[in-house]
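Report on the following structure.
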Amino acid sequence: MDYRRTYIRDLFAQNPGQEVSAYGWVKTRRDSKGISFVQVNDGSCFQDLQVVVDEGVIDEATLKRITTGACVRFDGTLVESPAAGQAVELKAAGVEVYGEADPATYPLQKKGASFEFLREIAHLRVRGNTFGAVFRVRAEASFAIHKFFNDRGFKNIHPPIITASDAEGAGAMFHVTTVDPFLARPKPVSPEEDFFGKPSFLTVSGQLEAETLALGLTNVYTFGPTFRAENSGTSRHLAEFWMVEPEQAFCSLEGNMNLAEEFLRTVIQHLLDKCSEDLDFFNKRIEPELLSTLDHVVNSNFERMTYTEAVGHLQSSGESFEFPVEWGIDLQSEHERWLTEQKVGRPVILTDYPKDIKAFYMRMNEDGKTVRAMDVLAPRIGEIIGGSQREERLSKLEARIHEMGLPMEAYWWYLDLRRFGSAPHSGFGLGFERFLMYVTGMKNIRDVIPYHRAPGSADF
RNA sequence: UGCCGCUUAGCUCAGUCGGUAGAGCAGCUGACUGUUAAUCAGCGGGUCGUAGGUUCGAGUCCUACAGCGGCAGCCA
């Protein structure tokens with residue numbers, strides 16, 4: 001056994017008549033008088049291999065061990081299939097059962113399991129159609145993202161997971177400590193006595209570190225796990241999620257938007273090319289509008305409008321929103337959805353938000369009221385990308401840090417970037433799982449990551 | 001964290017007015033010579049989320065708690 005063997009995906013591309021072996025897990029077995037059909041899948045592709053077992057080829061005791069969930073190797077001949085449903089099938093000559101799966105207790109069956117139930121058996125759900133497809137698409141998307149940036153000369157950088165800087169002042173952070181918080185002790189342990197000698201946390205974003213690398217490597221990106229200790233239990237939030245964050249020196253907000261748009265189009269096109277079977281399945285069984293919206297994203301330019309224009313559209317829409325719209329508010333989910341789903345019917349990039357609802361590092365516009373921020377909003381899921389041109393002018397940045405009451409001394413290294421060889425630069429962040437929800441049509445973010453982490457939930 | 005909903009067989013669910021438990025699928029046994037969500041016949045399978053309360057009697061009504069889900073906030 002070796003990785004250089006033939007996978008089920010490869011068998012479908014071979015000419016009939018060859019002696020082959022197929023390794024995988026049994027989806028179902030159907031018996032008729034004198035013949036049995038076994039569906040085998042190894043995760044290499046969506047389609048199952050149909051194995052045909054004629055009477056007498058495999059002894060009855062062995063055949064009975066070939067049940068749903070069992071791990072097997074079938075040896076035999078690849079033949080053209082006489083029946084509809086598959087072009088080729090494997091005519092079995094022998095079998096090796098590597099691992100049985102007791103049918104009375106194996107929890108997966110061929111129909112009727114809810115995603116909530118499958119989440120409880122997340123270690124087994126990948127053997128089903130939906131989650132096999134989800135994790136193939138996840139892997140292919142991950143590759144496509146690295147390829148996109150590599151093709152354009154972006155360097156993949158690796159900012160720390162454990163950080164002492166509260167990057168954006170946004171989002172609750174997980175403490176990292178070797179002090180047992182549940183141990184009763186006479187007096188509190190001070191941060192100086194802890195492992196790092198100061199309070200330290202799991203990162204909520206690699207952006208600030210990415211900026212430092214961009215001002216030297218020019219074009220960089222991160223792609224890794226980030227952590228938020230927010231107590232939010234929704235279908236769009238995770239405590240541990242993966243984020244893609246490119247950062248470009250010598251790049252304006254317009255260049256940033258161009259990159260974001262090209263990024264989404266290129267990666268989605270890659271998936272349409274490489275994962276068509278899986279995406280067809282999602283389109284058929286999960287989200288009927290999936291392929292048409294993905295095609296639309298690939299083939300149309302994104303709408304661009306300023307926050308101020310968007311507020312105008314919302315106010316003159318005639319819609320009755322739960323939260324009234326006025327200039328200066330942070331747009332609510334209902335507003336974002338109306339803009340992208342009703343107003344323009346495709347992704348929208350909103351720019352130039354009021355400074356008071358955005359982070360300190362975003363570049364101030366001439367009006368002194370708005371900053372060079374952008375959010376990419378997509379139909380069905382809302383905000384998928386958030387980014388900005390960064391404030392490269394030292395005095396303006398210091399003024400913002402002061403204005404927002406942030407500790408100036410903690411940002412000494414970040415301010416050094418503006419002191420020594422500052423450059424106009426821009427970047428954005430994309431939530432990888434949000435992106436996967438968009439391209440698979442899956443409705444719950446917990447179903448696009450193998451093992452989700454959320455408040456009160458850290459199983460497996 | 002707030003509001004709402006759900007929790008009954010391995011899974012998906014039904015359960016009327018409060019009167020002691022039902023279906024489909026899965027499983028098991030058998031039938032069928034090409035099935036592909038196979039089909040057909042039969043069989044087994046339940047502390048109705050937990051703890052209290054009301055009642056002669058609770059799956060059903062009330063309270064608390066837990067788990068799950070939806071929406072909202074926060075955000076990616």
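We label chains A, B, ... in the order they appear in the structure tokens, count residues from 1 in each chain, and number ligands from 1 in the order shown.
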| said: Give me, as a list in words, all polymer residues having an atom no more than 8 Å from segment 52-58 of chain B, counting only C-alpha atoms (C1' of nucleotides) and skipping those fewer than 4 positions away in the same chain. | reply: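 The filter keeps G18, G19, C62, U63 and A64 of chain B.
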| request: At a cut-off of 7 Å, list the chain B residues touching chain A, using only C-alpha atoms (C1' of nucleotides), as an MDAnalysis selection string. | output: chainID B and resid 10:12 26:27 32:37 76
Same residues, C-alpha atoms (C1' of nucleotides), saved as a short mmCIF file (atom, residue, chain, number, x, y, z; two decimals), in the first residue's frame:
data_model
loop_
_atom_site.label_atom_id
_atom_site.label_comp_id
_atom_site.auth_asym_id
_atom_site.auth_seq_id
_atom_site.Cartn_x
_atom_site.Cartn_y
_atom_site.Cartn_z
"C1'" G B 10 -30.62 4.09 15.83
"C1'" C B 11 -32.45 8.37 12.19
"C1'" U B 12 -36.61 11.73 10.39
"C1'" A B 26 -32.40 2.00 9.36
"C1'" G B 27 -31.49 -3.07 11.79
"C1'" C B 32 -36.45 -11.90 -5.82
"C1'" U B 33 -31.07 -13.13 -11.89
"C1'" G B 34 -28.81 -5.94 -12.98
"C1'" U B 35 -29.75 -3.05 -8.53
"C1'" U B 36 -28.36 2.14 -7.93
"C1'" A B 37 -32.68 6.45 -1.91
"C1'" A B 76 -14.95 37.51 9.41
#
If we count only C-alpha atoms (C1' of nucleotides) and set the cut-off at 6 Å, which residues sit around segment 362-375 of chain A, ignoring sequence neighbours fewer than 3 positions away in its own chain? Please answer as a CSV table (one decimal) with all heavy atoms, in the first residue's frame.
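Once everything was written out, this is around_34.csv:
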chain,number,residue,atom,x,y,z
A,349,ILE,N,-19.3,46.4,-3.2
A,349,ILE,CA,-18.2,46.9,-2.4
A,349,ILE,C,-18.6,48.3,-1.9
A,349,ILE,O,-18.8,49.2,-2.7
A,349,ILE,CB,-16.9,47.0,-3.1
A,349,ILE,CG1,-16.6,45.7,-3.8
A,349,ILE,CG2,-15.8,47.3,-2.1
A,349,ILE,CD1,-15.3,45.7,-4.6
A,350,LEU,N,-18.8,48.4,-0.6
A,350,LEU,CA,-19.0,49.7,0.0
A,350,LEU,C,-17.7,50.3,0.5
A,350,LEU,O,-16.9,49.6,1.1
A,350,LEU,CB,-20.0,49.6,1.2
A,350,LEU,CG,-21.4,49.1,0.9
A,350,LEU,CD1,-22.3,49.2,2.2
A,350,LEU,CD2,-22.0,49.9,-0.2
A,351,THR,N,-17.6,51.6,0.3
A,351,THR,CA,-16.3,52.3,0.7
A,351,THR,C,-16.6,53.5,1.5
A,351,THR,O,-17.7,54.0,1.6
A,351,THR,CB,-15.5,52.7,-0.5
A,351,THR,OG1,-16.3,53.7,-1.3
A,351,THR,CG2,-15.2,51.5,-1.4
A,352,ASP,N,-15.5,54.0,2.1
A,352,ASP,CA,-15.5,55.4,2.8
A,352,ASP,C,-16.6,55.5,3.9
A,352,ASP,O,-17.5,56.3,3.8
A,352,ASP,CB,-15.7,56.5,1.7
A,352,ASP,CG,-14.6,56.4,0.7
A,352,ASP,OD1,-13.4,56.7,1.1
A,352,ASP,OD2,-14.8,56.0,-0.5
A,353,TYR,N,-16.4,54.7,4.9
A,353,TYR,CA,-17.3,54.6,6.0
A,353,TYR,C,-16.9,55.8,7.0
A,353,TYR,O,-15.8,56.3,7.0
A,353,TYR,CB,-17.1,53.3,6.8
A,353,TYR,CG,-17.8,52.1,6.1
A,353,TYR,CD1,-17.2,51.5,5.0
A,353,TYR,CD2,-18.9,51.6,6.6
A,353,TYR,CE1,-17.8,50.4,4.4
A,353,TYR,CE2,-19.6,50.5,6.1
A,353,TYR,CZ,-19.0,49.9,4.9
A,353,TYR,OH,-19.6,48.8,4.4
A,354,PRO,N,-17.9,56.1,7.8
A,354,PRO,CA,-17.6,57.1,8.9
A,354,PRO,C,-16.5,56.6,9.8
A,354,PRO,O,-16.5,55.4,10.1
A,354,PRO,CB,-18.9,57.2,9.7
A,354,PRO,CG,-20.0,56.7,8.7
A,354,PRO,CD,-19.3,55.7,7.8
A,355,LYS,N,-15.6,57.5,10.2
A,355,LYS,CA,-14.4,57.0,11.0
A,355,LYS,C,-14.8,56.5,12.3
A,355,LYS,O,-14.1,55.6,12.8
A,355,LYS,CB,-13.5,58.2,11.2
A,355,LYS,CG,-14.0,59.4,12.1
A,355,LYS,CD,-12.9,60.4,12.3
A,355,LYS,CE,-13.4,61.7,12.8
A,355,LYS,NZ,-14.0,61.7,14.1
A,385,ILE,N,-15.8,40.2,3.0
A,385,ILE,CA,-14.4,40.7,3.0
A,385,ILE,C,-14.5,42.1,3.7
A,385,ILE,O,-15.4,42.9,3.4
A,385,ILE,CB,-13.8,40.9,1.6
A,385,ILE,CG1,-13.3,39.5,1.1
A,385,ILE,CG2,-12.7,41.9,1.6
A,385,ILE,CD1,-12.8,39.5,-0.3
A,386,GLY,N,-13.6,42.4,4.6
A,386,GLY,CA,-13.4,43.7,5.1
A,386,GLY,C,-12.0,44.2,5.0
A,386,GLY,O,-11.1,43.4,5.2
A,387,GLY,N,-11.8,45.4,4.5
A,387,GLY,CA,-10.4,45.9,4.3
A,387,GLY,C,-10.3,47.4,4.3
A,387,GLY,O,-11.3,48.1,4.5
A,388,SER,N,-9.1,47.9,4.1
A,388,SER,CA,-8.9,49.3,4.1
A,388,SER,C,-7.6,49.7,3.5
A,388,SER,O,-6.6,48.8,3.5
A,388,SER,CB,-9.1,49.9,5.5
A,388,SER,OG,-8.0,49.5,6.3
A,389,GLN,N,-7.4,50.9,3.1
A,389,GLN,CA,-6.1,51.5,3.0
A,389,GLN,C,-5.7,52.0,4.4
A,389,GLN,O,-6.5,52.5,5.1
A,389,GLN,CB,-6.1,52.7,2.0
A,389,GLN,CG,-4.8,53.3,1.8
A,389,GLN,CD,-4.7,54.3,0.6
A,389,GLN,OE1,-5.6,54.3,-0.2
A,389,GLN,NE2,-3.7,55.1,0.6
A,390,ARG,N,-4.4,51.7,4.7
A,390,ARG,CA,-4.0,51.9,6.1
A,390,ARG,C,-3.5,53.4,6.2
A,390,ARG,O,-2.9,53.9,5.2
A,390,ARG,CB,-2.9,51.0,6.5
A,390,ARG,CG,-3.1,49.5,6.1
A,390,ARG,CD,-4.4,48.9,6.5
A,390,ARG,NE,-4.4,47.4,6.2
A,390,ARG,CZ,-5.5,46.7,6.3
A,390,ARG,NH1,-6.7,47.2,6.6
A,390,ARG,NH2,-5.4,45.4,6.1
A,391,GLU,N,-3.6,53.9,7.4
A,391,GLU,CA,-3.1,55.3,7.6
A,391,GLU,C,-1.6,55.2,7.7
A,391,GLU,O,-1.0,54.6,8.6
A,391,GLU,CB,-3.6,55.8,8.9
A,391,GLU,CG,-3.2,57.2,9.3
A,391,GLU,CD,-3.6,58.2,8.1
A,391,GLU,OE1,-4.8,58.6,8.1
A,391,GLU,OE2,-2.7,58.5,7.3
| Just asking: which residues within segment 289-394 of chain A are strand (DSSP E) according to DSSP, as a PyMOL selection string? | chain A and resi 303-306+348-354+370-378+382-389
| request: Please indicate the distance in Å from atom CA of Asp48 of chain A to atom CA of Phe143 of chain A, rounded to one decimal place. | output: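 Calculated distance between atom CA of Asp48 of chain A and atom CA of Phe143 of chain A is 24.2 Å.
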| field | Shell around Val220 of chain A at 10 Å using only C-alpha atoms (C1' of nucleotides), local window under 5 positions removed, as number ranges by chain | value | A: 149-150, 153-158, 210-215, 245-249, 427
Generate a file of the selected residues that holds all heavy atoms, formatted as a compact mmCIF listing (two decimals), in the first residue's frame.
# COMPACT_ATOMS: atom_id res chain seq x y z
N PHE A 149 -2.28 33.83 -4.85
CA PHE A 149 -1.29 34.79 -4.36
C PHE A 149 0.11 34.46 -4.87
O PHE A 149 0.88 35.35 -5.23
CB PHE A 149 -1.32 34.83 -2.83
CG PHE A 149 -2.53 35.52 -2.28
CD1 PHE A 149 -3.43 34.87 -1.46
CD2 PHE A 149 -2.79 36.86 -2.61
CE1 PHE A 149 -4.55 35.51 -0.97
CE2 PHE A 149 -3.92 37.52 -2.12
CZ PHE A 149 -4.80 36.83 -1.30
N ASN A 150 0.42 33.18 -4.91
CA ASN A 150 1.74 32.80 -5.40
C ASN A 150 1.94 33.22 -6.85
O ASN A 150 3.01 33.71 -7.23
CB ASN A 150 1.91 31.28 -5.26
CG ASN A 150 3.32 30.84 -5.59
OD1 ASN A 150 4.26 31.16 -4.87
ND2 ASN A 150 3.47 30.13 -6.68
N GLY A 153 3.03 36.81 -7.01
CA GLY A 153 4.23 37.25 -6.30
C GLY A 153 4.01 37.62 -4.84
O GLY A 153 4.88 38.25 -4.23
N PHE A 154 2.88 37.25 -4.27
CA PHE A 154 2.66 37.52 -2.86
C PHE A 154 3.39 36.46 -2.03
O PHE A 154 3.35 35.28 -2.36
CB PHE A 154 1.16 37.47 -2.51
CG PHE A 154 0.38 38.68 -2.94
CD1 PHE A 154 0.22 38.99 -4.28
CD2 PHE A 154 -0.21 39.51 -2.00
CE1 PHE A 154 -0.52 40.10 -4.69
CE2 PHE A 154 -0.94 40.62 -2.38
CZ PHE A 154 -1.10 40.92 -3.72
N LYS A 155 4.03 36.90 -0.95
CA LYS A 155 4.73 35.96 -0.07
C LYS A 155 3.81 35.54 1.06
O LYS A 155 3.21 36.38 1.74
CB LYS A 155 5.98 36.65 0.53
CG LYS A 155 6.92 37.26 -0.51
CD LYS A 155 7.58 36.20 -1.38
CE LYS A 155 8.59 36.82 -2.33
NZ LYS A 155 7.97 37.58 -3.44
N ASN A 156 3.72 34.25 1.27
CA ASN A 156 2.95 33.73 2.39
C ASN A 156 3.75 33.92 3.68
O ASN A 156 4.86 33.42 3.81
CB ASN A 156 2.64 32.25 2.16
CG ASN A 156 1.76 31.65 3.26
OD1 ASN A 156 1.82 30.45 3.49
ND2 ASN A 156 0.96 32.45 3.92
N ILE A 157 3.19 34.66 4.61
CA ILE A 157 3.90 34.91 5.87
C ILE A 157 3.14 34.28 7.02
O ILE A 157 1.96 33.97 6.92
CB ILE A 157 4.08 36.41 6.12
CG1 ILE A 157 2.72 37.10 6.10
CG2 ILE A 157 5.01 37.01 5.09
CD1 ILE A 157 2.67 38.36 6.90
N HIS A 158 3.83 34.10 8.13
CA HIS A 158 3.24 33.37 9.26
C HIS A 158 3.34 34.18 10.54
O HIS A 158 4.29 34.01 11.31
CB HIS A 158 3.95 32.02 9.43
CG HIS A 158 3.88 31.17 8.20
ND1 HIS A 158 4.97 30.93 7.39
CD2 HIS A 158 2.84 30.54 7.61
CE1 HIS A 158 4.59 30.16 6.37
NE2 HIS A 158 3.31 29.91 6.48
N ALA A 210 1.21 41.57 9.53
CA ALA A 210 1.31 41.49 8.07
C ALA A 210 1.76 42.83 7.48
O ALA A 210 2.54 42.88 6.53
CB ALA A 210 -0.03 41.07 7.46
N GLU A 211 1.29 43.92 8.08
CA GLU A 211 1.71 45.23 7.60
C GLU A 211 3.22 45.40 7.72
O GLU A 211 3.87 45.94 6.83
CB GLU A 211 1.00 46.34 8.39
CG GLU A 211 -0.45 46.55 8.01
CD GLU A 211 -1.07 47.74 8.73
OE1 GLU A 211 -0.50 48.84 8.66
OE2 GLU A 211 -2.12 47.55 9.37
N THR A 212 3.77 44.90 8.82
CA THR A 212 5.22 45.04 9.00
C THR A 212 5.99 44.26 7.95
O THR A 212 7.01 44.70 7.44
CB THR A 212 5.68 44.57 10.40
OG1 THR A 212 5.54 43.15 10.50
CG2 THR A 212 4.90 45.23 11.51
N LEU A 213 5.48 43.10 7.59
CA LEU A 213 6.14 42.28 6.57
C LEU A 213 5.95 42.89 5.18
O LEU A 213 6.84 42.80 4.32
CB LEU A 213 5.59 40.85 6.60
CG LEU A 213 6.17 39.83 7.60
CD1 LEU A 213 7.59 39.47 7.22
CD2 LEU A 213 6.13 40.33 9.03
N ALA A 214 4.79 43.50 4.95
CA ALA A 214 4.53 44.11 3.63
C ALA A 214 5.49 45.29 3.40
O ALA A 214 5.91 45.52 2.27
CB ALA A 214 3.08 44.58 3.54
N LEU A 215 5.84 46.00 4.48
CA LEU A 215 6.76 47.13 4.33
C LEU A 215 8.19 46.60 4.34
O LEU A 215 8.99 46.91 5.22
CB LEU A 215 6.53 48.16 5.43
CG LEU A 215 5.14 48.81 5.42
CD1 LEU A 215 5.13 50.07 6.29
CD2 LEU A 215 4.66 49.16 4.03
N GLU A 245 -5.52 37.07 4.79
CA GLU A 245 -5.28 38.51 4.90
C GLU A 245 -4.11 38.95 4.04
O GLU A 245 -2.95 38.85 4.45
CB GLU A 245 -5.01 38.88 6.37
CG GLU A 245 -6.19 38.67 7.28
CD GLU A 245 -5.86 38.99 8.73
OE1 GLU A 245 -5.11 38.23 9.35
OE2 GLU A 245 -6.35 40.02 9.23
N PRO A 246 -4.38 39.43 2.83
CA PRO A 246 -3.31 40.01 2.01
C PRO A 246 -3.02 41.45 2.45
O PRO A 246 -3.90 42.15 2.96
CB PRO A 246 -3.89 39.98 0.59
CG PRO A 246 -5.36 40.03 0.78
CD PRO A 246 -5.66 39.38 2.10
N GLU A 247 -1.78 41.85 2.25
CA GLU A 247 -1.37 43.22 2.56
C GLU A 247 -0.39 43.67 1.48
O GLU A 247 0.57 42.95 1.19
CB GLU A 247 -0.71 43.28 3.94
CG GLU A 247 -0.53 44.67 4.50
CD GLU A 247 -1.85 45.32 4.93
OE1 GLU A 247 -2.77 44.61 5.37
OE2 GLU A 247 -1.96 46.56 4.80
N GLN A 248 -0.66 44.82 0.86
CA GLN A 248 0.16 45.29 -0.25
C GLN A 248 0.72 46.67 0.04
O GLN A 248 -0.03 47.60 0.35
CB GLN A 248 -0.67 45.43 -1.53
CG GLN A 248 -1.17 44.14 -2.14
CD GLN A 248 -2.05 44.45 -3.33
OE1 GLN A 248 -3.22 44.75 -3.19
NE2 GLN A 248 -1.46 44.40 -4.52
N ALA A 249 2.02 46.80 -0.11
CA ALA A 249 2.61 48.14 -0.10
C ALA A 249 2.37 48.78 -1.46
O ALA A 249 2.18 48.10 -2.46
CB ALA A 249 4.11 48.06 0.18
N GLY A 427 -4.87 46.48 2.59
CA GLY A 427 -5.07 45.05 2.74
C GLY A 427 -6.51 44.74 3.11
O GLY A 427 -7.29 45.64 3.40
